[in-house]
Amino acid sequence: MRNRLKVLRAERDWSQGDLAERLEVSRQSVNAIETGKYDPSLPLAFRIADLFGLPIEEIFLKD
Amino acid sequence: MAMNPAQRRYVGRMIPVSIAYVAAIFLASSLVPNGSPATPLTVAVALVPGLAVVGFIWAMGSYLFELKDEYVRLLEVRKALIATALTLGVCATWGILEIYTNVPRLAIFWVFPIWCVGLAIGGLVNRLTLGAGGGCP
């Protein structure tokens, strides 16, 4: 699954560490999601969507 | 890298359990000579290091349950699965060798250390395949 996390983060001038802190996960989790090595669970995907104020499908895209 | 609360609790549990394990081994080695008959006293003394090993397993299991970060938990579970596969593979293969040949007997004591080596190999596999070893110190 692809995602727009890196773009959305860059638009807000957040580092991976900043985003990780806001989501209460590790920086390596954010990196793994951004690089497509890990697809987050539904609860974490909702937390990400809430943080960016976007629906999940505007952040996570089908391949 | 700063430790998360689950990692801090894990280290806080592993340190006293490790001290207890080393002390119990010294105690058992000094009180019970190798090959002693199994009396209630020798069994009781020899069981203490085993209980410390159970403490290691409890600390590791608690760490997995308390981890809030789902990705780090995935890394740890992968490590445990790889360690379990390696341990089963080594022990089953060696056991068959013992049945058909006169290779040296592998003491059951080594099962847990082999599993711990498997954890380290699992961390390496994680690093090679996912770019991150895991959160367990």
# chains A, B, ... in the order shown; residues from 1 in each chain; ligands from 1

$ residues_around --residues "A:Lys6" --least-positions-apart "4" --cutoff "12 Å" --atoms "only C-alpha atoms" --output "PyMOL selection string"
chain A and resi 2+10-16+19+30-36+52+59-60

$ write_last_selection --atoms "N, CA, C and O atoms" --output "compact mmCIF listing (two decimals), in the first residue's frame"
# COMPACT_ATOMS: atom_id res chain seq x y z
N ARG A 2 0.54 2.20 -0.87
CA ARG A 2 1.30 3.46 -0.90
C ARG A 2 0.68 4.44 0.11
O ARG A 2 -0.47 4.27 0.51
N ALA A 10 6.02 16.79 5.22
CA ALA A 10 6.87 17.87 4.69
C ALA A 10 6.08 19.18 4.58
O ALA A 10 6.62 20.26 4.85
N GLU A 11 4.80 19.07 4.21
CA GLU A 11 3.96 20.28 4.11
C GLU A 11 3.87 21.01 5.45
O GLU A 11 3.72 22.23 5.50
N ARG A 12 3.97 20.26 6.52
CA ARG A 12 3.88 20.86 7.86
C ARG A 12 5.26 21.10 8.46
O ARG A 12 5.37 21.51 9.62
N ASP A 13 6.29 20.79 7.68
CA ASP A 13 7.67 20.99 8.12
C ASP A 13 7.98 20.18 9.40
O ASP A 13 8.63 20.67 10.31
N TRP A 14 7.42 18.97 9.44
CA TRP A 14 7.67 18.10 10.59
C TRP A 14 8.77 17.09 10.21
O TRP A 14 8.80 16.60 9.09
N SER A 15 9.61 16.80 11.18
CA SER A 15 10.57 15.71 10.99
C SER A 15 9.86 14.39 11.30
O SER A 15 8.75 14.38 11.84
N GLN A 16 10.51 13.28 10.98
CA GLN A 16 9.93 11.97 11.35
C GLN A 16 9.75 11.88 12.86
O GLN A 16 8.78 11.32 13.36
N LEU A 19 6.62 13.79 13.94
CA LEU A 19 5.41 13.02 13.66
C LEU A 19 5.27 11.85 14.63
O LEU A 19 4.18 11.58 15.15
N VAL A 30 7.47 5.38 12.08
CA VAL A 30 7.11 6.37 11.06
C VAL A 30 7.92 6.10 9.79
O VAL A 30 7.37 6.10 8.68
N ASN A 31 9.20 5.83 9.96
CA ASN A 31 10.06 5.55 8.80
C ASN A 31 9.57 4.31 8.05
O ASN A 31 9.50 4.31 6.81
N ALA A 32 9.20 3.26 8.79
CA ALA A 32 8.75 2.02 8.15
C ALA A 32 7.45 2.24 7.39
O ALA A 32 7.25 1.68 6.30
N ILE A 33 6.55 3.06 7.95
CA ILE A 33 5.28 3.34 7.26
C ILE A 33 5.54 4.18 6.01
O ILE A 33 5.03 3.89 4.93
N GLU A 34 6.34 5.21 6.18
CA GLU A 34 6.63 6.11 5.05
C GLU A 34 7.27 5.37 3.87
O GLU A 34 6.95 5.64 2.71
N THR A 35 8.15 4.46 4.18
CA THR A 35 8.88 3.76 3.11
C THR A 35 8.12 2.53 2.60
O THR A 35 8.64 1.79 1.77
N GLY A 36 6.91 2.31 3.15
CA GLY A 36 6.08 1.21 2.66
C GLY A 36 6.51 -0.15 3.16
O GLY A 36 6.04 -1.18 2.67
N PHE A 52 -3.79 14.54 10.68
CA PHE A 52 -3.69 15.38 9.48
C PHE A 52 -5.05 15.97 9.07
O PHE A 52 -5.12 16.76 8.12
N ILE A 59 -4.83 9.47 2.53
CA ILE A 59 -3.45 9.29 3.00
C ILE A 59 -2.89 7.97 2.50
O ILE A 59 -1.77 7.90 2.02
N PHE A 60 -3.70 6.92 2.62
CA PHE A 60 -3.27 5.59 2.19
C PHE A 60 -3.97 5.23 0.88
O PHE A 60 -5.20 5.33 0.78

$ interface_residues --of "chain B" --to "chain A" --cutoff "7 Å" --atoms "only C-alpha atoms" --output "VMD selection string"
chain B and resid 69 71 130
